[in-house]
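coords_2.pdb follows; it contains PDB, C-alpha atoms, pLDDT in the B column.
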```pdb
MODEL        1
ATOM      1  CA  MET A1330     -34.217  12.567  25.049  1.00 50.00           C
ATOM      2  CA  LEU A1331     -33.798  10.719  21.782  1.00 45.00           C
ATOM      3  CA  GLY A1332     -30.832   8.786  23.255  1.00 46.00           C
ATOM      4  CA  VAL A1333     -32.978   7.564  26.167  1.00 43.00           C
ATOM      5  CA  LYS A1334     -35.687   6.366  23.761  1.00 50.00           C
ATOM      6  CA  LEU A1335     -33.103   4.509  21.646  1.00 40.00           C
ATOM      7  CA  VAL A1336     -31.630   2.749  24.682  1.00 40.00           C
ATOM      8  CA  ARG A1337     -35.085   1.721  25.886  1.00 52.00           C
ATOM      9  CA  ALA A1338     -36.064   0.470  22.422  1.00 51.00           C
ATOM     10  CA  ALA A1339     -32.830  -1.333  21.550  1.00 49.00           C
ATOM     11  CA  GLY A1340     -31.559  -2.235  24.994  1.00 52.00           C
ATOM     12  CA  PRO A1341     -28.371  -1.109  26.690  1.00 47.00           C
ATOM     13  CA  GLY A1342     -26.375  -4.070  25.323  1.00 46.00           C
ATOM     14  CA  LEU A1343     -26.815  -2.888  21.745  1.00 39.00           C
ATOM     15  CA  LEU A1344     -25.665   0.614  22.667  1.00 36.00           C
ATOM     16  CA  VAL A1345     -22.514  -0.734  24.330  1.00 38.00           C
ATOM     17  CA  ALA A1346     -21.807  -2.951  21.303  1.00 39.00           C
ATOM     18  CA  ALA A1347     -22.209   0.030  18.974  1.00 38.00           C
ATOM     19  CA  LEU A1348     -19.816   2.146  21.046  1.00 34.00           C
ATOM     20  CA  LEU A1349     -17.207  -0.622  21.098  1.00 36.00           C
ATOM     21  CA  THR A1350     -17.190  -0.849  17.307  1.00 34.00           C
ATOM     22  CA  LEU A1351     -16.391   2.843  16.812  1.00 35.00           C
ATOM     23  CA  PRO A1352     -12.818   3.426  15.623  1.00 37.00           C
ATOM     24  CA  MET A1353     -10.476   4.309  18.459  1.00 38.00           C
ATOM     25  CA  SER A1354      -7.901   7.036  18.026  1.00 41.00           C
ATOM     26  CA  ALA A1355      -4.417   6.810  19.516  1.00 49.00           C
ATOM     27  CA  HIS A1356      -4.426   7.793  23.156  1.00 52.00           C
ATOM     28  CA  ALA A1357      -1.551   9.423  24.988  1.00 57.00           C
ATOM     29  CA  ALA A1358       0.069   7.687  27.933  1.00 57.00           C
ATOM     30  CA  ASP A1359       0.403   9.712  31.102  1.00 72.00           C
ATOM     31  CA  GLY A1360       3.944  10.106  32.345  1.00 90.00           C
ATOM     32  CA  GLY A1361       7.264  10.163  30.608  1.00 96.00           C
ATOM     33  CA  PHE A1362       9.834   8.020  28.874  1.00 97.00           C
ATOM     34  CA  TYR A1363      13.504   8.944  29.312  1.00 97.00           C
ATOM     35  CA  TRP A1364      16.686   7.676  27.682  1.00 97.00           C
ATOM     36  CA  SER A1365      20.421   8.144  27.925  1.00 96.00           C
ATOM     37  CA  THR A1366      23.187   7.327  25.470  1.00 93.00           C
ATOM     38  CA  SER A1367      25.780   7.473  28.263  1.00 87.00           C
ATOM     39  CA  GLY A1368      24.174   5.026  30.699  1.00 81.00           C
ATOM     40  CA  VAL A1369      22.666   5.308  34.162  1.00 77.00           C
ATOM     41  CA  GLY A1370      22.416   8.849  35.520  1.00 78.00           C
ATOM     42  CA  GLY A1371      22.375  10.689  32.205  1.00 82.00           C
ATOM     43  CA  GLN A1372      19.383  11.961  30.273  1.00 91.00           C
ATOM     44  CA  ASP A1373      19.703  12.722  26.590  1.00 91.00           C
ATOM     45  CA  GLY A1374      16.038  12.798  25.717  1.00 96.00           C
ATOM     46  CA  ALA A1375      12.469  12.471  26.926  1.00 97.00           C
ATOM     47  CA  LEU A1376       8.999  11.827  25.559  1.00 97.00           C
ATOM     48  CA  SER A1377       6.144  13.313  27.549  1.00 96.00           C
ATOM     49  CA  SER A1378       2.809  11.490  27.236  1.00 94.00           C
ATOM     50  CA  PRO A1379       3.682   9.485  24.089  1.00 96.00           C
ATOM     51  CA  LYS A1380       0.835   8.225  21.893  1.00 95.00           C
ATOM     52  CA  SER A1381       0.115   4.536  21.518  1.00 95.00           C
ATOM     53  CA  GLY A1382       0.793   2.942  18.170  1.00 97.00           C
ATOM     54  CA  ARG A1383       3.108   5.720  16.954  1.00 97.00           C
ATOM     55  CA  CYS A1384       6.759   4.950  16.179  1.00 98.00           C
ATOM     56  CA  TYR A1385       9.238   7.353  17.786  1.00 98.00           C
ATOM     57  CA  SER A1386      12.847   7.790  16.650  1.00 98.00           C
ATOM     58  CA  LEU A1387      15.144   8.456  19.617  1.00 97.00           C
ATOM     59  CA  ARG A1388      17.989  10.983  19.389  1.00 94.00           C
ATOM     60  CA  GLY A1389      21.467   9.622  19.934  1.00 93.00           C
ATOM     61  CA  ASP A1390      24.179   7.463  18.435  1.00 91.00           C
ATOM     62  CA  ASN A1391      25.295   3.918  19.166  1.00 91.00           C
ATOM     63  CA  PRO A1392      22.188   2.247  20.601  1.00 94.00           C
ATOM     64  CA  PRO A1393      21.119   0.408  22.670  1.00 95.00           C
ATOM     65  CA  PHE A1394      20.261   3.229  25.064  1.00 97.00           C
ATOM     66  CA  TYR A1395      19.530   3.008  28.775  1.00 97.00           C
ATOM     67  CA  ALA A1396      15.851   3.928  29.299  1.00 97.00           C
ATOM     68  CA  SER A1397      13.237   4.489  32.020  1.00 97.00           C
ATOM     69  CA  ASN A1398       9.551   3.936  31.283  1.00 98.00           C
ATOM     70  CA  TYR A1399       7.254   5.968  33.548  1.00 97.00           C
ATOM     71  CA  THR A1400       4.237   5.738  31.248  1.00 96.00           C
ATOM     72  CA  GLY A1401       1.289   3.425  31.794  1.00 95.00           C
ATOM     73  CA  TRP A1402       2.193   1.297  28.761  1.00 96.00           C
ATOM     74  CA  THR A1403       4.771  -1.231  27.687  1.00 98.00           C
ATOM     75  CA  VAL A1404       7.407   0.134  25.316  1.00 98.00           C
ATOM     76  CA  ARG A1405       8.780  -2.042  22.512  1.00 99.00           C
ATOM     77  CA  SER A1406      12.016  -1.181  20.729  1.00 99.00           C
ATOM     78  CA  TYR A1407      13.098  -1.947  17.172  1.00 99.00           C
ATOM     79  CA  ARG A1408      16.296  -1.618  15.132  1.00 98.00           C
ATOM     80  CA  SER A1409      14.424  -0.755  11.928  1.00 97.00           C
ATOM     81  CA  LYS A1410      12.969   2.621  10.954  1.00 97.00           C
ATOM     82  CA  GLY A1411       9.195   2.729  11.270  1.00 98.00           C
ATOM     83  CA  CYS A1412       9.252   0.141  14.085  1.00 98.00           C
ATOM     84  CA  LYS A1413       9.313  -2.683  11.556  1.00 98.00           C
ATOM     85  CA  GLY A1414      10.729  -6.156  12.011  1.00 98.00           C
ATOM     86  CA  ALA A1415      11.294  -8.073  15.207  1.00 98.00           C
ATOM     87  CA  VAL A1416      10.908  -6.494  18.639  1.00 98.00           C
ATOM     88  CA  GLN A1417      14.408  -6.217  20.144  1.00 98.00           C
ATOM     89  CA  SER A1418      13.442  -5.357  23.726  1.00 98.00           C
ATOM     90  CA  THR A1419      10.485  -4.400  25.901  1.00 99.00           C
ATOM     91  CA  ILE A1420      10.216  -2.320  29.062  1.00 99.00           C
ATOM     92  CA  GLU A1421       7.141  -2.617  31.259  1.00 98.00           C
ATOM     93  CA  PRO A1422       5.574   0.436  32.956  1.00 98.00           C
ATOM     94  CA  GLY A1423       7.661   1.683  35.880  1.00 97.00           C
ATOM     95  CA  ALA A1424      10.754  -0.287  34.828  1.00 98.00           C
ATOM     96  CA  VAL A1425      14.163   0.419  33.300  1.00 97.00           C
ATOM     97  CA  GLY A1426      16.081  -1.348  30.558  1.00 97.00           C
ATOM     98  CA  HIS A1427      17.740  -0.927  27.174  1.00 97.00           C
ATOM     99  CA  VAL A1428      16.100   0.166  23.932  1.00 98.00           C
ATOM    100  CA  TYR A1429      17.141   0.653  20.331  1.00 98.00           C
ATOM    101  CA  LYS A1430      16.655   3.715  18.102  1.00 97.00           C
ATOM    102  CA  TYR A1431      12.924   3.200  17.382  1.00 98.00           C
ATOM    103  CA  VAL A1432      10.233   2.696  20.034  1.00 99.00           C
ATOM    104  CA  LYS A1433       6.477   2.173  20.109  1.00 98.00           C
ATOM    105  CA  PHE A1434       4.093   2.302  23.079  1.00 98.00           C
ATOM    106  CA  GLY A1435       0.943   0.300  23.669  1.00 95.00           C
TER     107      GLY A1435
ENDMDL
END
```
Before we go any further, please render this structure as structure tokens.
Amino acid sequence: MLGVKLVRAAGPGLLVAALLTLPMSAHAADGGFYWSTSGVGGQDGALSSPKSGRCYSLRGDNPPFYASNYTGWTVRSYRSKGCKGAVQSTIEPGAVGHVYKYVKFG
């Protein structure tokens, strides 16, 4: 009841603005991300519903790795630990490509 009174008094626009300024936590992407150190047809690892903004270190030696992105987000790969430095490659949702040892979704 109090919420209805606040919306009537302040207007719905103010409520929407207040909700948009709340800090957002990292959300998980639906789907999976798969990679192979041996090329097409192999699978050496998978991430199920990875979180946005988090840096993942992929298992395997001698990157770049062949990868499939079945999440709803673009994946960016980096050569440096912690996903620092320049982006080396990107894979859009539903696409395949090559990635380096460290990846971030968003």
Which residues, protein or nucleic acid, reach to within 8 Å of (19.7, -0.2, 27.1) in the file's coordinates when using only C-alpha atoms, and can you give that as a tab-separated table (two decimals) with C-alpha atoms, in the frame of the given file?
```
chain	number	residue	atom	x	y	z
A	1368	GLY	CA	24.17	5.03	30.70
A	1392	PRO	CA	22.19	2.25	20.60
A	1393	PRO	CA	21.12	0.41	22.67
A	1394	PHE	CA	20.26	3.23	25.06
A	1395	TYR	CA	19.53	3.01	28.78
A	1396	ALA	CA	15.85	3.93	29.30
A	1426	GLY	CA	16.08	-1.35	30.56
A	1427	HIS	CA	17.74	-0.93	27.17
A	1428	VAL	CA	16.10	0.17	23.93
A	1429	TYR	CA	17.14	0.65	20.33
```
One-decimal distance in Å that lies between atom CA of Lys1413 of chain A and atom CA of Tyr1363 of chain A: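 Atom-to-atom, atom CA of Tyr1363 of chain A to atom CA of Lys1413 of chain A, that is 21.6 Å.
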- request: Enumerate, as a ChimeraX atom specification, the residues matched when the PyMOL selection byres ((chain A and resi 1398) around 9) is run on the file above.
  value: /A:1360-1364,1396-1397,1399-1404,1420-1426
Target residues per the PyMOL selection byres ((chain A and resi 1379) around 9), formatted as a list in words: His1356, Ala1357, Ala1358, Asp1359, Gly1360, Gly1361, Phe1362, Leu1376, Ser1377, Ser1378, Lys1380, Ser1381, Arg1383, Tyr1385, Thr1400, Lys1433 and Phe1434 of chain A
message: Counting only C-alpha atoms, I want the residues whose atoms come within 10 Å of (11.0, 0.9, 14.9) in the file frame, returned as a ChimeraX atom specification.
response: /A:1383-1387,1405-1417,1429-1433
Take every atom of segment 1377-1391 of chain A listed in the file, pad by 3 Å on each side, and give me the axis-aligned box centre and edge lengths in Å, one decimal, as lines of an AutoDock Vina configuration file.
```
center_x = 12.7
center_y = 8.1
center_z = 21.9
size_x = 31.2
size_y = 16.4
size_z = 17.4
```
